[in-house]
Amino acid sequence: MPLVPSPAVEPTPLQQLARTALAGVAPYEPGRPVEEVQRELGLERVIKLASNEGPHPPFPAAVEAIRDAATLQRVYPDPGCWALRDALSARLGVPAASVMPGNGVDSIIKLLCLALLEPGDELAMAWPSFISWRQGTGVMGATLRTAALGAGGAYDLDALLERVTPRTKIVVVVSPNNPTGGAVAADALERFLDALPGHVLPVLDEAYFEYLPPGSHDGVALVRAGRRLAVTRTFSKAYGLAGLRVGYMVAPPELLKLLGAVRNAFDVNAVAQAAATASLAQADELLPGRMAEIAAERGMVASGLRALGLEPLPSAANFLMVPVGTPERANALNQALLRRGIIVRPAGPFGAPAALRITIGLAHENAEMLVALAASLGEVGAP
Ligand SMILES: Cc1ncc(COP(=O)(O)O)c(C=O)c1O
């Protein structure tokens, strides 16, 4: 439901105060907390495979940094995120001036839209894809131009290029794409960037970068090579820090300066800065094993789904999108899974109402999900 009723309905005095752009924007509807779902349905325990969080805890060094930071919270955080920027700069091989941490990539998306988009401007992306880009465009009263995805669920970059007009300010490539999991090929991405007109800012949303197999695209390497490109990544998924809200953008310093004009000074809290910085120190040691485990589990889950007669899309991320026929069936399966203590994500808000998005969890969670799904399919019946 949009925030402001359609013109046929008389707005209340409070609704009349809203900016006109908000008439077309649906507010974020937070799901109920896991504990409440558990209590309401009388479930002994719940497995949440709904938000693409990594199933592993934060790295030990991050947990220690969080503990150490606890007693220091009387003071405001470092607004410049110096330690985190330096650590990212060293790891990524780009100057610290090219790195901007944010309160999750979600916050960075809002800042980009706030800094660049006005009514009449356009943002081009594919759809189904990550909803925050759509939301940010709508909030600014700018126009969203969407292209269809390719058959495997990755961005079709030729189709996206056709959506670029003289009014386009931002073109977004989400790869691996959420909710489908498909990734664009590195060479196709470079050709796309070559073909883009100079007035457009390309943004590569690499929230699931760490899950990509070797030989995939690396947006930061493109920035390092001098490309005019903004890249977003997050600590929410592979690093297991979703609760702290910390992500970052790598981009030309002049773009980051523009964003600085609209950014809250204390955007990234001190505990998040400490945890993210400490995580980077253990990334080489601990990330590869975790990523390999997720890839292996993703293969197991995909086989399990196929054994149930389903056809998940190919995924390079920590989730699988599973078409189930119709929106009604997606809803019924979601409810049936919920009654069995499994929370997955119906992909409707991301533009795929006839599909479920299932996050890859730990081995026993995935196994339990497949058992519950088999029972739910039996209950809901054939499409
Ligand atoms: C493609 C994509 N971009 C950005 C984000 C936002 O990440 P963060 O948790 O850093 O706000 C997500 C989170 O689900 C995502 O899937």
# chains A, B, ... in the order shown; residues from 1 in each chain; ligands from 1
$ closest_atom_pairs --of "stretch 34-142 of chain A" --to "stretch 213-229 of chain A" --cutoff "12 Å" --atoms "only C-alpha atoms" --output "CSV"
residue,atom,partner,partner_atom,distance
A:Leu88,CA,A:Val220,CA,11.0
A:Ser89,CA,A:Val220,CA,10.6
A:Arg91,CA,A:Val220,CA,10.7
A:Leu92,CA,A:Val220,CA,7.0
A:Gly93,CA,A:Arg224,CA,7.3
A:Val94,CA,A:Arg224,CA,6.1
A:Pro95,CA,A:Arg224,CA,9.1
A:Ser98,CA,A:Val223,CA,9.0
A:Val99,CA,A:Val220,CA,10.2
$ select_by_dssp --residues "stretch 207-344 of chain A" --states "alpha helix (DSSP H)" --output "ChimeraX atom specification"
/A:219-224,253-260,270-307,327-339
$ residues_near_ligand --ligand "ligand 1" --cutoff "9 Å" --atoms "only C-alpha atoms and all ligand atoms" --output "short mmCIF file (atom, residue, chain, number, x, y, z; two decimals) with C-alpha atoms, in the first residue's frame"
data_model
loop_
_atom_site.label_atom_id
_atom_site.label_comp_id
_atom_site.auth_asym_id
_atom_site.auth_seq_id
_atom_site.Cartn_x
_atom_site.Cartn_y
_atom_site.Cartn_z
CA SER A 51 16.93 -12.61 4.71
CA ASN A 52 20.09 -13.95 3.07
CA GLU A 53 22.06 -13.57 6.27
CA GLY A 102 27.72 3.32 5.40
CA ASN A 103 24.99 2.11 7.72
CA GLY A 104 24.49 -0.94 5.50
CA VAL A 105 24.39 -0.74 1.72
CA ASP A 106 20.74 0.22 2.17
CA SER A 107 21.85 3.52 3.63
CA ILE A 108 24.32 4.06 0.78
CA ILE A 109 21.57 3.43 -1.80
CA SER A 129 15.87 -7.26 -8.42
CA PHE A 130 16.79 -5.61 -5.15
CA ILE A 131 13.93 -3.49 -3.89
CA SER A 132 15.90 -0.69 -2.19
CA TRP A 133 17.00 0.73 -5.55
CA VAL A 174 22.98 -6.13 -9.12
CA SER A 175 25.26 -9.14 -9.46
CA PRO A 176 24.72 -11.72 -8.10
CA ASN A 177 21.16 -10.52 -8.39
CA ASN A 178 18.74 -10.65 -5.48
CA PRO A 179 16.28 -12.50 -5.54
CA ASP A 205 25.81 -3.78 -6.35
CA GLU A 206 28.08 -6.61 -5.20
CA ALA A 207 26.37 -7.37 -1.89
CA TYR A 208 27.09 -11.06 -2.55
CA THR A 232 28.72 -1.44 -3.15
CA ARG A 233 29.52 -4.34 -0.82
CA THR A 234 28.36 -5.34 2.63
CA PHE A 235 29.43 -7.01 5.86
CA SER A 236 25.86 -8.27 6.31
CA LYS A 237 26.15 -11.56 4.44
CA LEU A 241 27.38 -8.80 10.70
CA ALA A 242 23.85 -8.05 9.43
CA GLY A 243 22.71 -6.94 12.89
CA LEU A 244 25.32 -4.19 13.09
CA ARG A 245 24.47 -2.58 9.73
CA VAL A 246 27.70 -1.87 7.91
CA GLY A 247 28.51 -1.81 4.23
CA TYR A 248 30.66 0.33 1.98
#
$ residues_around --residues "A:Arg145" --least-positions-apart "5" --cutoff "10 Å" --atoms "only C-alpha atoms" --output "list in words"
Glu122, Leu123, Ala124, Met125, Ala126, Trp127, Arg134, Thr137, Leu160, Glu162, Arg163, Val164, Thr165, Thr168 and Val171 of chain A
$ write_last_selection --atoms "N, CA and C atoms" --output "PDB file, in the first residue's frame"
ATOM      1  N   GLU A 122      16.163   9.633 -14.236  1.00  0.00           N
ATOM      2  CA  GLU A 122      15.855   8.210 -14.336  1.00  0.00           C
ATOM      3  C   GLU A 122      16.952   7.351 -13.730  1.00  0.00           C
ATOM      4  N   LEU A 123      16.513   6.242 -13.155  1.00  0.00           N
ATOM      5  CA  LEU A 123      17.434   5.186 -12.718  1.00  0.00           C
ATOM      6  C   LEU A 123      17.040   3.934 -13.486  1.00  0.00           C
ATOM      7  N   ALA A 124      18.018   3.303 -14.121  1.00  0.00           N
ATOM      8  CA  ALA A 124      17.742   2.083 -14.896  1.00  0.00           C
ATOM      9  C   ALA A 124      18.309   0.878 -14.157  1.00  0.00           C
ATOM     10  N   MET A 125      17.533  -0.184 -14.105  1.00  0.00           N
ATOM     11  CA  MET A 125      17.973  -1.442 -13.488  1.00  0.00           C
ATOM     12  C   MET A 125      17.138  -2.567 -14.092  1.00  0.00           C
ATOM     13  N   ALA A 126      17.441  -3.792 -13.714  1.00  0.00           N
ATOM     14  CA  ALA A 126      16.593  -4.892 -14.161  1.00  0.00           C
ATOM     15  C   ALA A 126      15.564  -5.189 -13.070  1.00  0.00           C
ATOM     16  N   TRP A 127      14.574  -5.946 -13.422  1.00  0.00           N
ATOM     17  CA  TRP A 127      13.538  -6.325 -12.456  1.00  0.00           C
ATOM     18  C   TRP A 127      13.010  -7.693 -12.840  1.00  0.00           C
ATOM     19  N   ARG A 134      14.679   0.495  -6.144  1.00  0.00           N
ATOM     20  CA  ARG A 134      13.367   0.935  -6.612  1.00  0.00           C
ATOM     21  C   ARG A 134      12.788   1.951  -5.612  1.00  0.00           C
ATOM     22  N   THR A 137      14.536   5.358  -5.667  1.00  0.00           N
ATOM     23  CA  THR A 137      14.141   6.131  -6.854  1.00  0.00           C
ATOM     24  C   THR A 137      12.767   6.759  -6.633  1.00  0.00           C
ATOM     25  N   LEU A 160      19.422  -3.965 -20.562  1.00  0.00           N
ATOM     26  CA  LEU A 160      19.561  -2.837 -19.631  1.00  0.00           C
ATOM     27  C   LEU A 160      20.066  -1.590 -20.362  1.00  0.00           C
ATOM     28  N   GLU A 162      19.507  -0.747 -23.294  1.00  0.00           N
ATOM     29  CA  GLU A 162      18.388  -0.151 -24.050  1.00  0.00           C
ATOM     30  C   GLU A 162      17.501   0.726 -23.174  1.00  0.00           C
ATOM     31  N   ARG A 163      17.572   0.547 -21.881  1.00  0.00           N
ATOM     32  CA  ARG A 163      16.751   1.354 -20.963  1.00  0.00           C
ATOM     33  C   ARG A 163      17.414   2.697 -20.630  1.00  0.00           C
ATOM     34  N   VAL A 164      18.639   2.871 -21.058  1.00  0.00           N
ATOM     35  CA  VAL A 164      19.356   4.117 -20.755  1.00  0.00           C
ATOM     36  C   VAL A 164      18.921   5.201 -21.744  1.00  0.00           C
ATOM     37  N   THR A 165      18.564   6.364 -21.195  1.00  0.00           N
ATOM     38  CA  THR A 165      18.111   7.482 -22.032  1.00  0.00           C
ATOM     39  C   THR A 165      18.935   8.724 -21.661  1.00  0.00           C
ATOM     40  N   THR A 168      18.792   9.396 -17.955  1.00  0.00           N
ATOM     41  CA  THR A 168      19.304   8.433 -16.975  1.00  0.00           C
ATOM     42  C   THR A 168      20.480   9.022 -16.215  1.00  0.00           C
ATOM     43  N   VAL A 171      22.677   3.867 -13.510  1.00  0.00           N
ATOM     44  CA  VAL A 171      22.290   2.549 -14.011  1.00  0.00           C
ATOM     45  C   VAL A 171      22.881   1.527 -13.039  1.00  0.00           C
TER      46      VAL A 171
END
$ closest_residue --among "A:Gly260, A:Pro13, A:Pro323, A:Pro312" --to "A:Leu111" --atoms "only C-alpha atoms"
A:Gly260
$ select_by_dssp --residues "stretch 47-222 of chain A" --states "strand (DSSP E)" --output "list of chain:residue names"
A:Ile47, A:Lys48, A:Val99, A:Met100, A:Pro101, A:Gly102, A:Glu122, A:Leu123, A:Ala124, A:Met125, A:Ala126, A:Thr143, A:Leu144, A:Arg145, A:Thr146, A:Ala147, A:Thr168, A:Lys169, A:Ile170, A:Val171, A:Val172, A:Val173, A:Val174, A:Leu201, A:Pro202, A:Val203, A:Leu204, A:Asp205
$ closest_atom_pairs --of "stretch 50-166 of chain A" --to "stretch 21-24 of chain A" --cutoff "7 Å" --atoms "only C-alpha atoms" --output "tab-separated table"
residue	atom	partner	partner_atom	distance
A:Gly138	CA	A:Ala21	CA	6.5
A:Val139	CA	A:Ala21	CA	5.8
A:Met140	CA	A:Ala21	CA	6.4
A:Gly141	CA	A:Ala21	CA	4.4
$ write_last_selection --atoms "N, CA and C atoms" --output "PDB file, in the first residue's frame"
ATOM      1  N   GLY A 138      11.845   5.941  -6.104  1.00  0.00           N
ATOM      2  CA  GLY A 138      10.475   6.412  -5.871  1.00  0.00           C
ATOM      3  C   GLY A 138      10.438   7.541  -4.861  1.00  0.00           C
ATOM      4  N   VAL A 139      11.184   7.418  -3.792  1.00  0.00           N
ATOM      5  CA  VAL A 139      11.187   8.437  -2.736  1.00  0.00           C
ATOM      6  C   VAL A 139      11.623   9.794  -3.293  1.00  0.00           C
ATOM      7  N   MET A 140      12.531   9.787  -4.267  1.00  0.00           N
ATOM      8  CA  MET A 140      13.015  11.038  -4.834  1.00  0.00           C
ATOM      9  C   MET A 140      12.097  11.560  -5.944  1.00  0.00           C
ATOM     10  N   GLY A 141      11.040  10.820  -6.257  1.00  0.00           N
ATOM     11  CA  GLY A 141      10.141  11.250  -7.336  1.00  0.00           C
ATOM     12  C   GLY A 141      10.769  11.091  -8.700  1.00  0.00           C
TER      13      GLY A 141
END
$ residues_around --residues "A:Arg45" --least-positions-apart "3" --cutoff "9 Å" --atoms "only C-alpha atoms" --output "ChimeraX atom specification"
/A:35,38,42,341-342
$ atom_distance --atom1 "atom CA of A:Met291" --atom2 "atom CA of A:Val250"
22.4 Å
